[in-house]
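A short write-up of the structure that comes next.
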Amino acid sequence: CSWYNCPEAELRGFTPIRGTFSKDGGKSWSKVETIAEDPAKKLIFCPPVYGICDDELYMLINTMIGPDLLHSIEFYKFDPATEKFVFLKSEPLPFKLNTNVYAMANGKLLLPGRIAKMDSFPATPAVLISDSGKIDAPWRLVKIQQDKFLPDGSKLVHPECCAILQNNTVNIFCRDDERNIPLFYRSSDYGETWSGVME
């Protein structure tokens with residue numbers, strides 16, 4: 001279980017990631033510890049997402065240069081010997097992580113979210129795909145739609161995405177802040193191509 005702590009206001013100032021874990025199904029929890037932070041206070045962190053690969057637990061965290069101005073994804077792996085997350089790498093990818101890692105029926109991995117230009121606000125729904133099925137391997141970007149505009153010209157503002165998977169079909173549910181209408185997208189080829197938006 002992890003979260004960000006900010007003593008000032010949400011998404012502003014120092015946002016270290018803190019966490020705790022349970023080995024008995026949530027009956028008891030370890031001491032709360034800081035997992036990730038930027039002592040220079042130049043980067044802001046978003047709450048992490050998790051994934052399991054080859055029986056190992058990974059944690060992925062977005063960094064930002066300002067509120068929702070996406071800068072990178074940082075990768076960590078849990079070390080059972082020390083019971084701590086170990087930093088692996090940072091990828092300069094302005095992709096907003098929305099969910100934990102999904103394992104697809106074809107052996108690949110999927111991460112729903114939204115994409116932006118570097119250090120800017122992410123408003124275009126997209127997915128990341130790991131073709132190797134490994135979390136610490138390269139991830140490939142596939143946009144769910146080409147930009148942040150819907151067919152009627154309205155803008156997507158915070159298109160947070162979640163997914164339901166069944167065989168080769170990926171169903172993405174997405175919110176639209178401007179019109180307050182939930183949106184739906186479908187892929188029938190493991191996230192490679194996407195339907196137009198459905199309401």
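Within each chain, counting starts at residue 1; across the structure tokens, chains are named A, B, ... in the order shown, with ligands numbered 1 upward in that order.
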Determine, for each residue of stretch 28-51 of chain A having at least one atom at most 12 Å from an atom of stretch 106-125 of chain A, the closest pair of atoms and their separation in Å to one decimal, counting only C-alpha atoms; order by chain and ascending number, as a Markdown table.
```
| residue | atom | partner | partner_atom | distance |
| --- | --- | --- | --- | --- |
| A:Leu43 | CA | A:Asp119 | CA | 10.9 |
| A:Ile44 | CA | A:Asp119 | CA | 11.7 |
| A:Val49 | CA | A:Leu111 | CA | 9.6 |
| A:Tyr50 | CA | A:Leu111 | CA | 10.3 |
| A:Gly51 | CA | A:Leu109 | CA | 9.4 |
```
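Shortest separation to A:Leu156 among A:Glu192, A:Asp136, A:Glu37, A:Asp176 occurs at residue A:Asp176, atoms counted being only C-alpha atoms.
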**Message:** I'd like the neighbourhood of A:Thr20 as a PyMOL selection string, where a residue qualifies if any of its atoms comes within 8 Å (using only C-alpha atoms), though same-chain residues fewer than 2 positions away should be ignored.
**Reply:** chain A and resi 1-2+18+22+29-33
**Distance of atom CA of A:Lys42 from atom CA of A:Gly66, expressed in Å to one decimal place** =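 So the two atoms, atom CA of A:Gly66 and atom CA of A:Lys42, lie 8.6 Å apart.
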**Request:** Just the residues within 10 Å of A:Phe78, please, counting only C-alpha atoms, with nothing from its chain fewer than 4 positions along; format it as a PyMOL selection string.
**Result:** chain A and resi 56-59+82-87
**atom CA of A:Tyr102 to atom CA of A:Pro151, straight-line distance in Å** = 28.8 Å
**Request:** Calculate how many Å separate atom CA of A:Asp54 from atom CA of A:Ser72, rounding to one decimal.
**Result:**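 Straight-line distance from atom CA of A:Asp54 to atom CA of A:Ser72 works out to 24.4 Å.
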**Asked** If you count only C-alpha atoms, which residues fall within 9 Å of A:Tyr190, apart from same-chain ones fewer than 3 positions away, as a ChimeraX atom specification?
**Response** /A:104-106,108,110,165,167-170,187,193
**Message:** I'd like the neighbourhood of stretch 179-183 of chain A as a PyMOL selection string, where a residue qualifies if any of its atoms comes within 8 Å (using only C-alpha atoms), though same-chain residues fewer than 4 positions away should be ignored.
**Reply:** chain A and resi 154+173-175+197-199
Output file for the selection above: N, CA, C and O atoms, as an mmCIF file, in the first residue's frame:
```
data_model
loop_
_atom_site.group_PDB
_atom_site.id
_atom_site.type_symbol
_atom_site.label_atom_id
_atom_site.label_comp_id
_atom_site.auth_asym_id
_atom_site.auth_seq_id
_atom_site.Cartn_x
_atom_site.Cartn_y
_atom_site.Cartn_z
ATOM 1 N N SER A 154 -15.380 18.709 -28.406
ATOM 2 C CA SER A 154 -15.138 18.893 -26.976
ATOM 3 C C SER A 154 -13.792 18.284 -26.588
ATOM 4 O O SER A 154 -13.273 17.384 -27.252
ATOM 5 N N PHE A 173 -12.564 1.997 -20.179
ATOM 6 C CA PHE A 173 -13.552 2.959 -19.699
ATOM 7 C C PHE A 173 -12.811 4.218 -19.287
ATOM 8 O O PHE A 173 -11.778 4.163 -18.619
ATOM 9 N N CYS A 174 -13.347 5.358 -19.707
ATOM 10 C CA CYS A 174 -12.624 6.612 -19.576
ATOM 11 C C CYS A 174 -13.586 7.716 -19.175
ATOM 12 O O CYS A 174 -14.712 7.781 -19.666
ATOM 13 N N ARG A 175 -13.152 8.582 -18.287
ATOM 14 C CA ARG A 175 -14.017 9.693 -17.897
ATOM 15 C C ARG A 175 -13.725 10.923 -18.756
ATOM 16 O O ARG A 175 -12.643 11.064 -19.302
ATOM 17 N N VAL A 197 -14.651 6.469 -30.174
ATOM 18 C CA VAL A 197 -15.256 6.619 -28.856
ATOM 19 C C VAL A 197 -16.736 6.248 -28.891
ATOM 20 O O VAL A 197 -17.452 6.546 -29.838
ATOM 21 N N MET A 198 -17.159 5.533 -27.851
ATOM 22 C CA MET A 198 -18.565 5.165 -27.695
ATOM 23 C C MET A 198 -19.050 5.719 -26.357
ATOM 24 O O MET A 198 -18.279 5.786 -25.399
ATOM 25 N N GLU A 199 -20.301 6.119 -26.299
ATOM 26 C CA GLU A 199 -20.841 6.702 -25.071
ATOM 27 C C GLU A 199 -21.935 5.822 -24.490
ATOM 28 O O GLU A 199 -22.545 5.051 -25.198
#
```
**Request:** Could you give me the residues within stretch 60-199 of chain A that DSSP places in strand (DSSP E or B), as a PyMOL selection string?
**Result:** chain A and resi 60-66+69-79+84-91+95-97+102-103+109-115+120+124-130+140-143+149+155+161-166+169-174+183-187+198
**Among the residues A:Ile144, A:Met64, A:Ile129, A:Ile135, the one that comes closest to A:Ser195 [using only C-alpha atoms]** =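 Looking only at the distances to A:Ser195, the closest residue turns out to be A:Ile144.
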